[in-house]
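The next block is coords_10.txt, given as compact mmCIF, C-alpha atoms.
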# COMPACT_ATOMS: atom_id res chain seq x y z
CA MET A 1 52.75 -33.63 107.82
CA GLU A 2 54.87 -36.50 109.14
CA PHE A 3 56.95 -36.24 112.32
CA LEU A 4 59.95 -38.53 112.73
CA LEU A 5 61.39 -39.79 116.01
CA ASP A 6 64.85 -41.38 115.89
CA PHE A 7 65.29 -44.45 118.10
CA SER A 8 68.42 -45.77 119.75
CA ALA A 9 68.89 -49.23 121.24
CA ALA A 10 68.37 -47.62 124.66
CA ASP A 11 65.04 -46.16 123.51
CA LEU A 12 63.78 -49.57 122.44
CA ALA A 13 64.98 -51.07 125.70
CA GLN A 14 62.98 -48.46 127.65
CA MET A 15 59.79 -48.62 125.59
CA ARG A 16 56.93 -49.56 127.87
CA PHE A 17 53.13 -49.61 128.16
CA ALA A 18 50.81 -48.03 130.72
CA VAL A 19 47.06 -47.88 131.32
CA SER A 20 46.34 -44.27 132.27
CA PRO A 21 43.07 -43.13 133.90
CA MET A 22 44.00 -39.51 133.14
CA TRP A 23 44.32 -40.18 129.42
CA GLU A 24 40.79 -41.64 129.54
CA VAL A 25 39.55 -38.54 131.41
CA VAL A 26 41.01 -36.22 128.78
CA THR A 27 39.97 -38.20 125.70
CA SER A 28 36.47 -39.04 126.96
CA PHE A 29 35.73 -35.44 127.98
CA ARG A 30 36.83 -34.24 124.53
CA LEU A 31 34.57 -36.83 122.92
CA LEU A 32 31.58 -35.62 124.96
CA ARG A 33 32.09 -32.09 123.64
CA ASP A 34 31.58 -33.27 120.06
CA PRO A 35 28.41 -35.40 119.68
CA ALA A 36 29.49 -36.51 116.20
CA ALA A 37 33.06 -37.36 117.21
CA SER A 38 32.79 -41.13 117.53
CA PRO A 39 29.84 -43.40 116.72
CA LEU A 40 31.55 -46.18 118.70
CA HIS A 41 30.74 -44.45 121.99
CA GLN A 42 27.21 -43.22 121.34
CA CYS A 43 25.69 -45.57 123.94
CA TRP A 44 28.10 -44.39 126.64
CA ALA A 45 27.79 -40.72 125.66
CA ALA A 46 24.00 -40.81 125.69
CA GLN A 47 24.06 -42.01 129.29
CA VAL A 48 26.88 -39.76 130.51
CA ARG A 49 26.32 -36.43 128.76
CA PRO A 50 23.14 -35.53 130.73
CA ARG A 51 24.83 -36.36 134.05
CA VAL A 52 27.84 -34.21 133.21
CA ALA A 53 25.58 -31.33 132.16
CA ARG A 54 23.46 -31.54 135.32
CA ALA A 55 26.63 -31.33 137.41
CA GLY A 56 27.81 -28.27 135.46
CA LEU A 57 30.99 -30.04 134.42
CA ASP A 58 30.41 -29.27 130.75
CA ALA A 59 31.17 -25.60 131.45
CA GLY A 60 33.84 -25.82 134.14
CA TRP A 61 37.60 -26.14 134.41
CA LEU A 62 37.80 -29.11 132.05
CA SER A 63 35.90 -27.25 129.34
CA ASP A 64 38.66 -24.60 129.37
CA LEU A 65 41.52 -27.10 129.49
CA ILE A 66 40.19 -29.63 126.95
CA PRO A 67 39.01 -27.88 123.79
CA PRO A 68 37.01 -29.90 121.23
CA ARG A 69 40.00 -29.90 118.88
CA GLY A 70 43.63 -28.87 118.83
CA TYR A 71 46.16 -28.70 121.62
CA LEU A 72 45.67 -30.63 124.88
CA ALA A 73 47.37 -29.30 128.02
CA ASP A 74 50.38 -31.54 128.67
CA PHE A 75 50.28 -31.08 132.45
CA LEU A 76 47.07 -33.13 132.54
CA ASN A 77 48.95 -36.27 131.48
CA PRO A 78 52.11 -36.72 133.58
CA VAL A 79 54.20 -39.80 132.80
CA PRO A 80 52.68 -42.72 134.77
CA ALA A 81 55.12 -44.12 137.31
CA THR A 82 53.70 -47.66 137.02
CA PRO A 83 52.01 -49.71 134.29
CA PHE A 84 48.60 -49.47 136.00
CA PRO A 85 48.45 -46.23 138.03
CA THR A 86 45.35 -45.15 139.94
CA LEU A 87 43.59 -41.89 139.24
CA ALA A 88 44.70 -40.64 142.66
CA ALA A 89 48.35 -41.32 141.81
CA GLU A 90 48.07 -39.48 138.50
CA LEU A 91 46.35 -36.50 140.14
CA ALA A 92 49.17 -36.36 142.71
CA ALA A 93 51.70 -36.32 139.86
CA MET A 94 49.71 -33.58 138.13
CA ARG A 95 49.78 -31.44 141.27
CA ALA A 96 53.53 -32.02 141.60
CA GLY A 97 54.26 -30.59 138.15
CA THR A 98 56.22 -27.36 137.79
CA PRO A 99 54.44 -23.99 137.54
CA GLU A 100 56.64 -23.24 134.51
CA GLN A 101 55.25 -26.20 132.56
CA LEU A 102 51.70 -25.31 133.58
CA ARG A 103 52.13 -21.72 132.38
CA ARG A 104 53.66 -22.84 129.08
CA ASP A 105 50.57 -24.96 128.49
CA LEU A 106 48.25 -22.09 129.39
CA ASP A 107 50.13 -19.75 127.07
CA ARG A 108 49.17 -22.09 124.24
CA LEU A 109 45.58 -22.53 125.39
CA GLY A 110 44.92 -18.91 126.30
CA THR A 111 44.08 -17.29 129.65
CA SER A 112 41.05 -15.23 128.73
CA SER A 113 38.68 -16.91 131.17
CA PRO A 114 38.74 -16.12 134.93
CA ARG A 115 39.48 -19.79 135.69
CA MET A 116 42.51 -19.88 133.43
CA ARG A 117 43.82 -16.59 134.83
CA LEU A 118 43.53 -17.99 138.37
CA LEU A 119 45.34 -21.16 137.31
CA TYR A 120 48.10 -19.09 135.73
CA GLU A 121 48.53 -16.71 138.66
CA GLU A 122 47.92 -19.17 141.51
CA PRO A 123 48.89 -22.63 140.23
CA ASP A 124 48.57 -24.50 143.53
CA ALA A 125 45.07 -23.20 144.28
CA GLY A 126 43.97 -23.65 140.69
CA LEU A 127 45.26 -27.21 140.44
CA GLU A 128 43.28 -28.22 143.53
CA LYS A 129 40.12 -27.01 141.80
CA VAL A 130 41.05 -28.82 138.60
CA ALA A 131 41.74 -32.05 140.53
CA ALA A 132 38.41 -31.79 142.37
CA GLU A 133 36.55 -31.38 139.10
CA ILE A 134 38.40 -34.33 137.54
CA GLU A 135 37.38 -36.50 140.50
CA ALA A 136 33.75 -35.41 140.12
CA TYR A 137 33.84 -36.12 136.39
CA TRP A 138 35.42 -39.53 137.02
CA GLU A 139 32.63 -40.58 139.37
CA LEU A 140 29.93 -39.55 136.89
CA ALA A 141 31.43 -40.52 133.58
CA LEU A 142 34.06 -43.24 134.00
CA ALA A 143 34.00 -44.99 137.38
CA PRO A 144 30.75 -46.91 136.69
CA TYR A 145 32.27 -48.23 133.46
CA TRP A 146 35.88 -48.55 134.54
CA ALA A 147 35.90 -52.32 135.07
CA ARG A 148 34.87 -52.79 131.45
CA VAL A 149 37.21 -50.11 130.06
CA ARG A 150 40.19 -51.27 132.12
CA GLN A 151 39.64 -54.86 131.01
CA LEU A 152 39.86 -53.71 127.39
CA LEU A 153 43.02 -51.66 128.00
CA GLU A 154 44.77 -54.37 130.01
CA ALA A 155 43.97 -56.93 127.32
CA ASP A 156 45.60 -54.64 124.75
CA VAL A 157 48.74 -54.26 126.87
CA PHE A 158 49.07 -58.00 127.47
CA HIS A 159 48.52 -58.77 123.78
CA ARG A 160 51.15 -56.29 122.60
CA ALA A 161 53.63 -57.35 125.29
CA ARG A 162 53.29 -60.91 123.99
CA GLN A 163 53.79 -59.60 120.44
CA VAL A 164 57.01 -57.86 121.52
CA ALA A 165 58.25 -61.14 122.97
CA GLU A 166 57.32 -63.12 119.85
CA HIS A 167 58.04 -60.67 117.01
CA GLY A 168 59.98 -57.74 118.44
CA ALA A 169 59.25 -54.08 119.16
CA ALA A 170 59.36 -52.98 115.52
CA HIS A 171 56.47 -55.31 114.64
CA VAL A 172 54.36 -53.89 117.49
CA LEU A 173 55.05 -50.28 116.51
CA ASN A 174 53.97 -50.98 112.94
CA GLU A 175 50.74 -52.55 114.20
CA LEU A 176 49.68 -49.69 116.51
CA HIS A 177 47.79 -47.48 114.06
CA GLU A 178 47.61 -46.68 110.36
CA THR A 179 49.32 -43.31 110.97
CA VAL A 180 52.29 -44.85 112.82
CA ARG A 181 55.15 -46.58 111.00
CA TRP A 182 58.53 -47.94 111.99
CA ASP A 183 61.35 -47.90 109.47
CA ASP A 184 65.06 -48.47 110.03
CA GLY A 185 65.37 -47.01 113.52
CA THR A 186 62.86 -44.20 113.00
CA LEU A 187 59.26 -43.91 114.20
CA GLY A 188 57.13 -41.91 111.76
CA LEU A 189 53.84 -40.32 112.81
CA VAL A 190 51.39 -38.67 110.43
CA HIS A 191 49.77 -36.19 112.80
CA ARG A 192 48.09 -32.90 112.05
CA GLN A 193 47.86 -31.51 115.58
CA CYS A 194 50.95 -32.30 117.66
CA SER A 195 54.44 -33.58 117.17
CA LEU A 196 56.36 -36.38 118.82
CA THR A 197 59.85 -35.25 119.77
CA ARG A 198 62.57 -35.86 122.34
CA ASP A 199 65.34 -33.61 123.60
CA GLN A 200 67.85 -36.46 123.89
CA PRO A 201 68.08 -40.11 122.81
CA GLY A 202 67.58 -42.88 125.32
CA SER A 203 64.44 -41.56 127.01
CA GLY A 204 62.33 -44.39 125.63
CA LEU A 205 58.69 -44.24 124.56
CA LEU A 206 55.52 -44.70 126.60
CA LEU A 207 52.66 -46.39 124.74
CA VAL A 208 49.20 -45.78 126.23
CA PRO A 209 46.18 -47.74 124.93
CA SER A 210 42.98 -45.71 125.05
CA ALA A 211 39.30 -46.49 124.67
CA PHE A 212 38.33 -42.93 123.78
CA ALA A 213 41.21 -41.74 121.57
CA TRP A 214 39.76 -43.58 118.55
CA PRO A 215 40.13 -43.01 115.63
CA ARG A 216 43.37 -41.04 116.07
CA VAL A 217 46.59 -41.16 118.04
CA LEU A 218 47.53 -38.42 120.50
CA THR A 219 50.98 -37.47 121.72
CA ARG A 220 52.72 -35.72 124.60
CA SER A 221 56.34 -34.52 124.39
CA ILE A 222 58.00 -32.72 127.31
CA ALA A 223 61.73 -32.08 127.62
CA GLY A 224 63.38 -34.52 130.02
CA GLU A 225 60.48 -37.00 129.97
CA SER A 226 59.62 -40.03 127.87
CA PRO A 227 57.41 -39.13 124.90
CA GLN A 228 53.90 -40.55 125.19
CA LEU A 229 51.74 -41.94 122.41
CA ALA A 230 48.08 -42.69 123.18
CA TYR A 231 46.57 -45.00 120.57
CA PRO A 232 43.19 -46.75 120.11
CA ALA A 233 43.06 -50.03 122.00
CA ARG A 234 42.32 -53.27 120.18
CA GLY A 235 38.66 -54.29 120.27
CA VAL A 236 37.32 -50.83 121.14
CA GLY A 237 34.53 -51.35 118.60
CA ASN A 238 33.08 -54.06 120.85
CA LEU A 239 33.49 -52.18 124.12
CA TRP A 240 29.81 -51.36 124.60
CA GLU A 241 28.37 -54.52 123.12
CA PRO A 242 26.04 -56.32 125.57
CA ARG A 243 27.88 -58.98 127.52
CA ALA A 244 26.76 -62.58 127.20
CA THR A 245 24.49 -63.57 130.06
CA THR A 246 23.27 -67.03 129.07
CA ALA A 247 24.84 -68.65 132.13
CA THR A 248 22.23 -67.10 134.42
CA ASP A 249 20.56 -70.39 135.35
CA ALA A 250 23.77 -71.79 136.81
CA VAL A 251 24.52 -68.52 138.62
CA ALA A 252 20.95 -68.30 139.94
CA ALA A 253 21.38 -71.68 141.59
CA VAL A 254 24.08 -70.07 143.75
CA LEU A 255 23.05 -66.41 144.11
CA GLY A 256 19.30 -66.73 143.76
CA ARG A 257 17.16 -65.57 140.83
CA SER A 258 16.55 -62.01 142.04
CA ARG A 259 20.22 -61.19 142.51
CA THR A 260 21.16 -62.89 139.24
CA MET A 261 18.44 -60.94 137.43
CA LEU A 262 19.82 -57.68 138.84
CA LEU A 263 23.32 -58.58 137.69
CA ALA A 264 21.98 -59.29 134.21
CA GLU A 265 20.17 -55.91 134.20
CA LEU A 266 23.44 -54.15 135.05
CA ASP A 267 24.92 -54.56 131.59
CA THR A 268 24.93 -50.76 131.78
CA PRO A 269 25.11 -48.86 135.10
CA ALA A 270 21.74 -48.10 136.72
CA SER A 271 20.23 -46.69 139.89
CA THR A 272 18.08 -48.53 142.43
CA THR A 273 14.96 -46.85 141.03
CA GLN A 274 15.79 -47.88 137.47
CA LEU A 275 16.48 -51.44 138.52
CA ALA A 276 13.25 -51.65 140.50
CA ARG A 277 11.33 -50.45 137.46
CA SER A 278 12.98 -52.90 135.05
CA SER A 279 13.00 -55.91 137.36
CA GLY A 280 9.62 -55.55 139.05
CA LEU A 281 11.21 -55.80 142.50
CA SER A 282 10.54 -53.26 145.23
CA PRO A 283 13.14 -50.47 145.67
CA ALA A 284 13.83 -51.75 149.20
CA GLY A 285 14.35 -55.28 147.91
CA VAL A 286 16.66 -54.07 145.14
CA SER A 287 18.68 -52.05 147.65
CA GLN A 288 19.08 -55.06 149.92
CA HIS A 289 20.21 -57.31 147.07
CA LEU A 290 22.64 -54.68 145.76
CA THR A 291 24.23 -54.33 149.19
CA ALA A 292 24.86 -58.07 149.27
CA LEU A 293 26.23 -58.06 145.72
CA ARG A 294 28.52 -55.14 146.50
CA ASP A 295 29.84 -56.86 149.63
CA ALA A 296 30.60 -59.90 147.47
CA GLY A 297 32.56 -57.79 144.97
CA LEU A 298 30.06 -58.31 142.15
CA VAL A 299 28.88 -54.70 141.80
CA THR A 300 30.33 -51.28 142.50
CA ALA A 301 28.49 -48.10 143.54
CA HIS A 302 29.22 -44.59 142.28
CA ARG A 303 27.41 -41.39 143.26
CA SER A 304 25.78 -39.43 140.44
CA GLY A 305 24.21 -36.29 141.87
CA ARG A 306 21.45 -37.43 144.22
CA SER A 307 21.47 -40.94 142.83
CA VAL A 308 23.87 -43.85 143.16
CA LEU A 309 24.74 -45.81 140.02
CA TYR A 310 25.52 -49.50 140.36
CA ALA A 311 27.78 -51.27 137.87
CA ARG A 312 28.72 -54.89 137.33
CA THR A 313 32.35 -55.78 138.04
CA ALA A 314 34.62 -57.87 135.84
CA VAL A 315 34.12 -60.75 138.28
CA ALA A 316 30.35 -60.61 137.71
CA ASP A 317 30.89 -60.42 133.94
CA ALA A 318 32.92 -63.61 134.13
CA LEU A 319 30.22 -65.34 136.19
CA LEU A 320 27.54 -64.50 133.64
CA THR A 321 29.60 -65.53 130.64
CA PRO A 322 29.21 -69.13 129.48
CA ALA A 323 32.36 -71.18 129.96
CA GLY A 324 34.57 -71.12 126.90
CA SER A 325 32.98 -68.05 125.28
CA LEU A 326 34.70 -64.71 124.61
CA THR A 327 33.37 -61.22 125.38
What does the file become when written as structure tokens?
Amino acid sequence: MEFLLDFSAADLAQMRFAVSPMWEVVTSFRLLRDPAASPLHQCWAAQVRPRVARAGLDAGWLSDLIPPRGYLADFLNPVPATPFPTLAAELAAMRAGTPEQLRRDLDRLGTSSPRMRLLYEEPDAGLEKVAAEIEAYWELALAPYWARVRQLLEADVFHRARQVAEHGAAHVLNELHETVRWDDGTLGLVHRQCSLTRDQPGSGLLLVPSAFAWPRVLTRSIAGESPQLAYPARGVGNLWEPRATTATDAVAAVLGRSRTMLLAELDTPASTTQLARSSGLSPAGVSQHLTALRDAGLVTAHRSGRSVLYARTAVADALLTPAGSLT
């Protein structure tokens, strides 16, 4: 089935891009529920799925709200107010949504579970629990990897914005995905699960690159709001490829060999214990080096149960990448 969205000049003028943490929460959680869903993310899923299960998040609020297939609750993805909103800002917008919209979503999802009945009957209390679980999931599943994911999404936005400037909006819409086509003022979308509609012309279109939506596009259409289209970001197939680290000798001359070695080991997030085991350094020594690297903005720390996972930042990636190479 193909859905058609008519465009006016005002719609094209208001078309914009946004990088949305909440879209990554929704799409990544759905991917985790289906081990065969995407071979591109097997490395990430293998690391994250056990953490999510240990925290009980695989059988909580998100498991009710994000089924493996089919409809996704629209209230989870409010229209971002800025091109690069924080998770906190999107959660605040989610809490500010109307009870009527929330209940319409739940009517489609079903309210057979106690959690969904509470959310339906007491939206404010239920949304606080949903937001708390999203924050817990973010810390376990996305925050340690966010520098890498965000870099991919921002690169997609900047590339397509340049394409709009050079070739026009129609060219960009035709390049988004094989199921999306632009033809004579109409956007066509071959989509088996949800439609893309608008209640009145001139509300624009919000394009949201996603690392975890691949290989499909996802949509959100709410009366009075800009339709949203989440599409696979360019280069997602290389997202989890090891980053080049052949510039370590030059970096070691500045940071020291132990700290440079730890940065190189952090191509994927790891705990102090894991780093001590792989590097041969003592846990106390690793902890001391990581504190210095975190203070310098080269690593970030994210709690995972009783452990803390350390991740390399985009600044550290740049340091370890040979000049002139691409990652």
For A:Leu57, which residue out of A:Ala233, A:Leu309, A:Ala125, A:Ala141 is the nearest one, using all atoms listed in the file?
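Between A:Ala233, A:Leu309, A:Ala125, A:Ala141, the residue approaching A:Leu57 most closely is A:Ala141.
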Pairwise distance for atom CA of A:Leu239 and atom CA of A:Glu139, rounded to one decimal in Å
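Interatomic distance here is 19.2 Å.
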Fewer than 2 positions away in the same chain doesn't count, so skip those; otherwise give me all residues within 10 Å of A:Leu62, counting only C-alpha atoms, as a PyMOL selection string.
chain A and resi 25-26+29-30+57-60+64-67+130-131+133-134+137
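Interatomic distance, atom CA of A:Val172 against atom CA of A:Pro215: 18.0 Å.
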Calculated over all atoms listed in the file, which of the candidates A:Ala292, A:Arg257, A:Pro35, A:Asp183 has the smallest distance to A:Ala170?
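For A:Ala170, the nearest of the given residues is A:Asp183.
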Between atom CA of A:Asp105 and atom CA of A:Leu187, what is the spacing in Å?
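Interatomic distance here is 25.3 Å.
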Spatial neighbours of A:Leu127, max dist 9 Å, all atoms listed in the file, sep filter under 6 positions, as a short mmCIF file (atom, residue, chain, number, x, y, z; two decimals) with C-alpha atoms, keeping the file's coordinate frame:
data_model
loop_
_atom_site.label_atom_id
_atom_site.label_comp_id
_atom_site.auth_asym_id
_atom_site.auth_seq_id
_atom_site.Cartn_x
_atom_site.Cartn_y
_atom_site.Cartn_z
CA MET A 94 49.71 -33.58 138.13
CA ARG A 95 49.78 -31.44 141.27
CA LEU A 119 45.34 -21.16 137.31
#
Pick from A:Leu153, A:Ala230, A:Met22, A:Ala161, whichever lies nearest to A:Thr86 using all atoms listed in the file
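Of the candidates, the smallest distance to A:Thr86 is held by A:Met22.
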Give me the residues near A:Ala36 as a PyMOL selection string, where near means some atom within 12 Å (using all atoms listed in the file) and where sequence neighbours in that chain fewer than 6 positions away do not count.
chain A and resi 30+42+45-46+68
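Shortest atom-to-atom contact with A:Leu40 among A:Val299, A:Leu320, A:Leu255, A:Ala211: A:Ala211, counting only C-alpha atoms.
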Which residues of stretch 37-148 of chain A come within 9 Å of stretch 266-275 of chain A, and what is each one's closest atom pair and distance in Å (one decimal), counting all atoms listed in the file, sorted by chain and residue number, as CSV?
residue,atom,partner,partner_atom,distance
A:Trp44,CA,A:Thr268,CA,8.8
A:Pro144,CA,A:Pro269,CA,6.2
A:Tyr145,CA,A:Pro269,CA,7.4
Could you give me, as a ChimeraX atom specification, the residues within 6 Å of A:Tyr231, counting only C-alpha atoms and dropping anything in the same chain fewer than 3 positions from it?
/A:209-210,217
Which residue gives the smallest distance to A:Gln14 among A:Ala223, A:Leu207, A:Ala318, A:Val251, with only C-alpha atoms counted?
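Among the listed residues, the smallest separation from A:Gln14 belongs to A:Leu207.
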